[in-house]
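Note sheet for the following structure.
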Amino acid sequence: MLEEIKKIAKEVGVMFLQREQFETVAKTTNHNIVTTMDVKAQAYIIQQCQLLLPEALFIAEEQDNQILTDEYTWIIDPLDGTMNYAYDYCCSTVSIALCKNKEVIYGVVYHPYLDHMYAAEKNKGATLNGKKISVSNNEIENALLAIGTSPYNKEKSAKTFSRLQKLFENCRDIRRSGSAAFDICCVASGKVDGFYEEVLAIWDYAAASLILSEAGGTLVAYEVALLEKLQAVQVVGSNTKIQQALVSLVK
């Protein structure tokens with residue numbers, strides 16, 4: 001199953017790189033956009049995943065969703081980093097997770113511009129391009145942190161940037177790629193030591209959360225009751241060693 005999911009993700013990545021003519025429209029605000037590539041990629045992923053597991057449900061960014069149940073459920077972000085894609089910033093990922101009993105059992109995140117394939121199966125470890133990965137061992141004062149700025153929720157910008165300032169003052173430096181799935185996978189592979197975003201949807205981190213935990217890290221999506229209703233929540237992830245310090249800094 002994992003190899004089949006990786007194959008689907010890679011095929012969608014090829015679509016990104018071909019960069020065919022596409023259109024961009026605003027969804028709810030000028031800061032929240034969707035491209036025709038998002039829609040095309042999602043349709044392809046759903047079609048292929050239905051062949052793998054016909055009885056499964058789907059939760060995907062570009063469709064109306066209900067709630068997360070105990071049934072087999074695909075959680076998909078066909079193009080994580082849509083703004084990057086629209087501007088040809090070359091940092092967008094494909095994120096595909098399969099859940100059962102509300103737990104992710106398979107997770108794949110593919111970054112086609114780097115040809116980085118992150119993958120995990122529950123209780124079997126995490127890999128990058130087939131090689132086992134693990135988190136770093138840095139303390140908070142030596143940490144490089146990945147962050148998101150929750151651009152769809154600018155009414156929370158004061159809170160977000162106040163917390164980012166605290167993080168920045170207590171670590172070595174911060175980075176923002178524009179793809180939360182990629183950022184969390186960078187924690188999993190030890191490229192950065194922690195991740196924070198104030199408002200994040202489940203499809204942004206579902207696959208990456210398993211990859212991180214299987215690599216020895218920790219990711220907490222706060223307010224689980226909201227999570228099961230698919231409402232966006234605060235997410236804090238790390239190499240585990242700095243998790244308590246990160247949580248303290250963003251509280």
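Ligands are numbered from 1 in the order shown, chains are lettered A, B, ... in the order of the structure tokens, and residues start at 1 in each chain.
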For Glu61 of chain A, find every residue with an atom within 7 Å (counting only C-alpha atoms), except residues of its own chain fewer than 3 positions away, and show them as a compact mmCIF listing (two decimals) with C-alpha atoms, in the first residue's frame.
# COMPACT_ATOMS: atom_id res chain seq x y z
CA ILE A 76 -5.42 14.66 1.11
CA ASP A 77 -3.78 17.97 0.39
CA TRP A 203 -4.94 17.94 5.53
With a distance cut-off of 12 Å and only C-alpha atoms, select the neighbouring residues of Met83 of chain A, excluding the residue or stretch itself and same-chain residues fewer than 4 positions from it, and output the selection as a PDB file with N, CA and C atoms, in the first residue's frame.
ATOM      1  N   THR A  24      -5.875  30.939 -11.341  1.00  0.00           N
ATOM      2  CA  THR A  24      -5.882  31.135  -9.891  1.00  0.00           C
ATOM      3  C   THR A  24      -7.083  31.977  -9.512  1.00  0.00           C
ATOM      4  N   VAL A  25      -7.800  31.538  -8.480  1.00  0.00           N
ATOM      5  CA  VAL A  25      -8.938  32.317  -7.982  1.00  0.00           C
ATOM      6  C   VAL A  25      -8.858  32.386  -6.466  1.00  0.00           C
ATOM      7  N   ALA A  26      -9.445  33.439  -5.883  1.00  0.00           N
ATOM      8  CA  ALA A  26      -9.532  33.557  -4.428  1.00  0.00           C
ATOM      9  C   ALA A  26     -10.704  32.723  -3.943  1.00  0.00           C
ATOM     10  N   ASN A  30      -8.566  37.232  -0.396  1.00  0.00           N
ATOM     11  CA  ASN A  30      -7.474  37.379  -1.353  1.00  0.00           C
ATOM     12  C   ASN A  30      -6.230  36.610  -0.915  1.00  0.00           C
ATOM     13  N   HIS A  31      -6.162  36.245   0.380  1.00  0.00           N
ATOM     14  CA  HIS A  31      -5.003  35.527   0.896  1.00  0.00           C
ATOM     15  C   HIS A  31      -5.157  34.014   0.768  1.00  0.00           C
ATOM     16  N   ASN A  32      -6.365  33.568   0.462  1.00  0.00           N
ATOM     17  CA  ASN A  32      -6.662  32.138   0.390  1.00  0.00           C
ATOM     18  C   ASN A  32      -7.060  31.810  -1.043  1.00  0.00           C
ATOM     19  N   ILE A  33      -6.118  31.232  -1.795  1.00  0.00           N
ATOM     20  CA  ILE A  33      -6.348  31.016  -3.218  1.00  0.00           C
ATOM     21  C   ILE A  33      -6.352  29.526  -3.550  1.00  0.00           C
ATOM     22  N   VAL A  34      -6.916  29.217  -4.704  1.00  0.00           N
ATOM     23  CA  VAL A  34      -6.872  27.872  -5.252  1.00  0.00           C
ATOM     24  C   VAL A  34      -6.559  27.992  -6.740  1.00  0.00           C
ATOM     25  N   THR A  35      -5.808  27.033  -7.246  1.00  0.00           N
ATOM     26  CA  THR A  35      -5.512  27.016  -8.678  1.00  0.00           C
ATOM     27  C   THR A  35      -6.205  25.812  -9.317  1.00  0.00           C
ATOM     28  N   MET A  37      -4.720  23.676 -10.848  1.00  0.00           N
ATOM     29  CA  MET A  37      -3.842  22.533 -10.580  1.00  0.00           C
ATOM     30  C   MET A  37      -4.239  21.825  -9.283  1.00  0.00           C
ATOM     31  N   ASP A  38      -4.626  22.604  -8.240  1.00  0.00           N
ATOM     32  CA  ASP A  38      -5.123  21.983  -7.000  1.00  0.00           C
ATOM     33  C   ASP A  38      -6.279  21.038  -7.313  1.00  0.00           C
ATOM     34  N   LEU A  79      -2.064  19.923  -3.111  1.00  0.00           N
ATOM     35  CA  LEU A  79      -1.023  20.902  -3.423  1.00  0.00           C
ATOM     36  C   LEU A  79      -0.823  21.770  -2.183  1.00  0.00           C
ATOM     37  N   TYR A  87       3.107  31.443  -7.662  1.00  0.00           N
ATOM     38  CA  TYR A  87       4.203  32.377  -7.936  1.00  0.00           C
ATOM     39  C   TYR A  87       5.462  31.681  -8.453  1.00  0.00           C
ATOM     40  N   ASP A  88       5.370  30.368  -8.727  1.00  0.00           N
ATOM     41  CA  ASP A  88       6.505  29.582  -9.202  1.00  0.00           C
ATOM     42  C   ASP A  88       7.680  29.660  -8.232  1.00  0.00           C
ATOM     43  N   TYR A  89       7.356  29.570  -6.938  1.00  0.00           N
ATOM     44  CA  TYR A  89       8.367  29.657  -5.886  1.00  0.00           C
ATOM     45  C   TYR A  89       9.054  28.321  -5.641  1.00  0.00           C
ATOM     46  N   CYS A  90       8.559  27.265  -6.260  1.00  0.00           N
ATOM     47  CA  CYS A  90       9.209  25.947  -6.266  1.00  0.00           C
ATOM     48  C   CYS A  90       9.334  25.312  -4.884  1.00  0.00           C
ATOM     49  N   CYS A  91       8.304  25.472  -4.068  1.00  0.00           N
ATOM     50  CA  CYS A  91       8.253  24.753  -2.798  1.00  0.00           C
ATOM     51  C   CYS A  91       6.803  24.393  -2.504  1.00  0.00           C
ATOM     52  N   SER A  92       6.328  23.329  -3.130  1.00  0.00           N
ATOM     53  CA  SER A  92       4.979  22.825  -2.920  1.00  0.00           C
ATOM     54  C   SER A  92       5.066  21.309  -2.807  1.00  0.00           C
ATOM     55  N   THR A  93       4.145  20.714  -2.045  1.00  0.00           N
ATOM     56  CA  THR A  93       4.201  19.284  -1.827  1.00  0.00           C
ATOM     57  C   THR A  93       2.849  18.623  -2.063  1.00  0.00           C
ATOM     58  N   PRO A 151      -1.651  32.541   7.071  1.00  0.00           N
ATOM     59  CA  PRO A 151      -2.054  33.675   6.238  1.00  0.00           C
ATOM     60  C   PRO A 151      -3.551  33.767   5.969  1.00  0.00           C
ATOM     61  N   TYR A 152      -4.295  32.649   6.142  1.00  0.00           N
ATOM     62  CA  TYR A 152      -5.743  32.694   5.923  1.00  0.00           C
ATOM     63  C   TYR A 152      -6.478  33.282   7.122  1.00  0.00           C
ATOM     64  N   SER A 177       8.807  27.933   4.877  1.00  0.00           N
ATOM     65  CA  SER A 177       8.858  27.433   3.501  1.00  0.00           C
ATOM     66  C   SER A 177       7.572  27.717   2.732  1.00  0.00           C
ATOM     67  N   GLY A 178       6.442  27.838   3.449  1.00  0.00           N
ATOM     68  CA  GLY A 178       5.158  27.986   2.782  1.00  0.00           C
ATOM     69  C   GLY A 178       4.426  26.675   2.583  1.00  0.00           C
ATOM     70  N   SER A 179       5.031  25.565   3.020  1.00  0.00           N
ATOM     71  CA  SER A 179       4.378  24.252   2.987  1.00  0.00           C
ATOM     72  C   SER A 179       4.550  23.614   4.359  1.00  0.00           C
TER      73      SER A 179
END
Requested in this report: Pick out each residue of segment 182-238 of chain A that DSSP on the backbone tags as helix (DSSP H, G or I); I need them as a ChimeraX atom specification.
Outcome: /A:182-188,202-214,224-228
Query raised in the report: Asn239 of chain A: which residues within 8 Å, counting only C-alpha atoms, same-chain residues fewer than 5 positions away excluded, as a ChimeraX atom specification?
Result: /A:135-138,187-188,190,193-194,216-218
Store the residues of this selection in a file with C-alpha atoms, as a PDB file, in the first residue's frame.
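Result written to out.pdb:
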ATOM      1  CA  VAL A 135      14.844  13.621  14.376  1.00  0.00           C
ATOM      2  CA  SER A 136      17.664  15.789  15.721  1.00  0.00           C
ATOM      3  CA  ASN A 137      18.936  15.926  19.297  1.00  0.00           C
ATOM      4  CA  ASN A 138      19.236  19.698  19.665  1.00  0.00           C
ATOM      5  CA  VAL A 187      11.656  18.126  11.549  1.00  0.00           C
ATOM      6  CA  ALA A 188      11.311  14.381  10.967  1.00  0.00           C
ATOM      7  CA  GLY A 190      16.523  16.419  11.417  1.00  0.00           C
ATOM      8  CA  ASP A 193      14.255  20.913  15.202  1.00  0.00           C
ATOM      9  CA  GLY A 194      10.688  22.126  15.670  1.00  0.00           C
ATOM     10  CA  GLY A 216      10.985   9.831  16.853  1.00  0.00           C
ATOM     11  CA  GLY A 217       9.347  13.240  16.984  1.00  0.00           C
ATOM     12  CA  THR A 218       6.215  14.635  18.558  1.00  0.00           C
TER      13      THR A 218
END
Query raised in the report: In Å to one decimal, how far is atom CA of Lys251 of chain A from atom CA of Glu155 of chain A?
Result: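 Answer for the atom CA of Glu155 of chain A to atom CA of Lys251 of chain A separation: 17.9 Å.
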**Report entry** Which of segment 61-147 of chain A fall in strand (DSSP E), as a VMD selection string
**Finding:** chain A and resid 73 to 80 93 to 100 103 to 111 116 to 121 126 to 128 131 to 132 144 to 147
Requested in this report: Find the residue from A:Gln18, A:Thr73, A:Gln234, A:Thr29 that sits nearest to Lys154 of chain A; use only C-alpha atoms when measuring.
Outcome: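 Using only C-alpha atoms, Lys154 of chain A sits closest to A:Thr29.
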Report task. Find the residues near Gln21 of chain A: any atom within 9 Å, counting only C-alpha atoms, skip ones fewer than 2 places away on the same chain, and give them as a list in words. Result ->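 That gives Arg19, Glu23, Thr36 and Met37 of chain A.
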Taking only residues of segment 38-64 of chain A that have an atom at most 10 Å from an atom of segment 99-119 of chain A, what is each one's shortest atom pair and its distance in Å to one decimal, using only C-alpha atoms, in chain and number order, as a tab-separated table?
residue	atom	partner	partner_atom	distance
A:Ala56	CA	A:Cys99	CA	9.3
A:Leu57	CA	A:Cys99	CA	9.5
A:Phe58	CA	A:Cys99	CA	9.9
Generate the output file for the selected residues, C-alpha atoms, as a compact mmCIF listing (two decimals), in the first residue's frame.
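Saved file again_19.txt follows:
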# COMPACT_ATOMS: atom_id res chain seq x y z
CA ALA A 56 -12.61 4.36 1.99
CA LEU A 57 -13.93 7.86 2.65
CA PHE A 58 -12.16 11.06 1.62
Query - Given only C-alpha atoms as the counted atoms, nearest of A:Gln63, A:Ser189, A:Asn84, A:Thr160 to Ala43 of chain A - result: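 The shortest atom-to-atom distance to Ala43 of chain A comes from A:Gln63.
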Requested in this report: Write out as a PyMOL selection string which residues come within 9 Å of Ala181 of chain A when counting only C-alpha atoms, dropping same-chain ones fewer than 2 positions away.
Outcome: chain A and resi 80-81+93-95+109+179+183-186+203-209
Please dump the current selection as a compact mmCIF listing (two decimals), in the first residue's frame; keep C-alpha atoms.
# COMPACT_ATOMS: atom_id res chain seq x y z
CA ASP A 80 0.33 22.10 -0.09
CA GLY A 81 1.89 25.45 -0.86
CA THR A 93 4.20 19.28 -1.83
CA VAL A 94 1.71 16.47 -2.33
CA SER A 95 0.35 15.12 0.98
CA VAL A 109 4.64 13.74 1.49
CA SER A 179 4.38 24.25 2.99
CA ASP A 183 8.27 21.84 7.29
CA ILE A 184 7.08 18.99 9.52
CA CYS A 185 8.94 16.47 7.37
CA CYS A 186 12.06 18.58 7.79
CA TRP A 203 -4.94 17.94 5.53
CA ASP A 204 -1.88 20.17 5.97
CA TYR A 205 -0.29 17.90 8.55
CA ALA A 206 -2.03 14.49 8.64
CA ALA A 207 0.54 12.61 6.55
CA ALA A 208 3.49 14.53 7.97
CA SER A 209 2.38 13.86 11.55
Query raised in the report: When you draw a straight line from atom CA of Leu249 of chain A to atom CA of Arg175 of chain A, how long is it in Å?
Result: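 Calculated distance between atom CA of Leu249 of chain A and atom CA of Arg175 of chain A is 16.9 Å.
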Query - Close residues, Val236 of chain A itself excluded, 7 Å, only C-alpha atoms, min 5 positions apart in chain, as a list in words - result: Phe195, Tyr196, Glu197, Leu219, Val220, Ala221 and Val247 of chain A
Requested in this report: May I ask which of the residues A:Gly237, A:Gly148, A:Pro78, A:Gly125 is the closest one to Ile59 of chain A, counting only C-alpha atoms?
Outcome: A:Pro78
Please tabulate, as CSV, the residues of segment 48-146 of chain A that come within 6 Å of segment 168-174 of chain A, each with its closest pair of atoms and the distance in Å to one decimal, counting only C-alpha atoms and ordering rows by chain, then residue number upward.
residue,atom,partner,partner_atom,distance
A:Ile140,CA,A:Cys171,CA,5.6
A:Glu141,CA,A:Cys171,CA,4.6
A:Asn142,CA,A:Arg172,CA,5.5
A:Ala143,CA,A:Cys171,CA,5.2
A:Leu144,CA,A:Asp173,CA,5.2
A:Leu145,CA,A:Ile174,CA,4.7
A:Ala146,CA,A:Ile174,CA,5.6
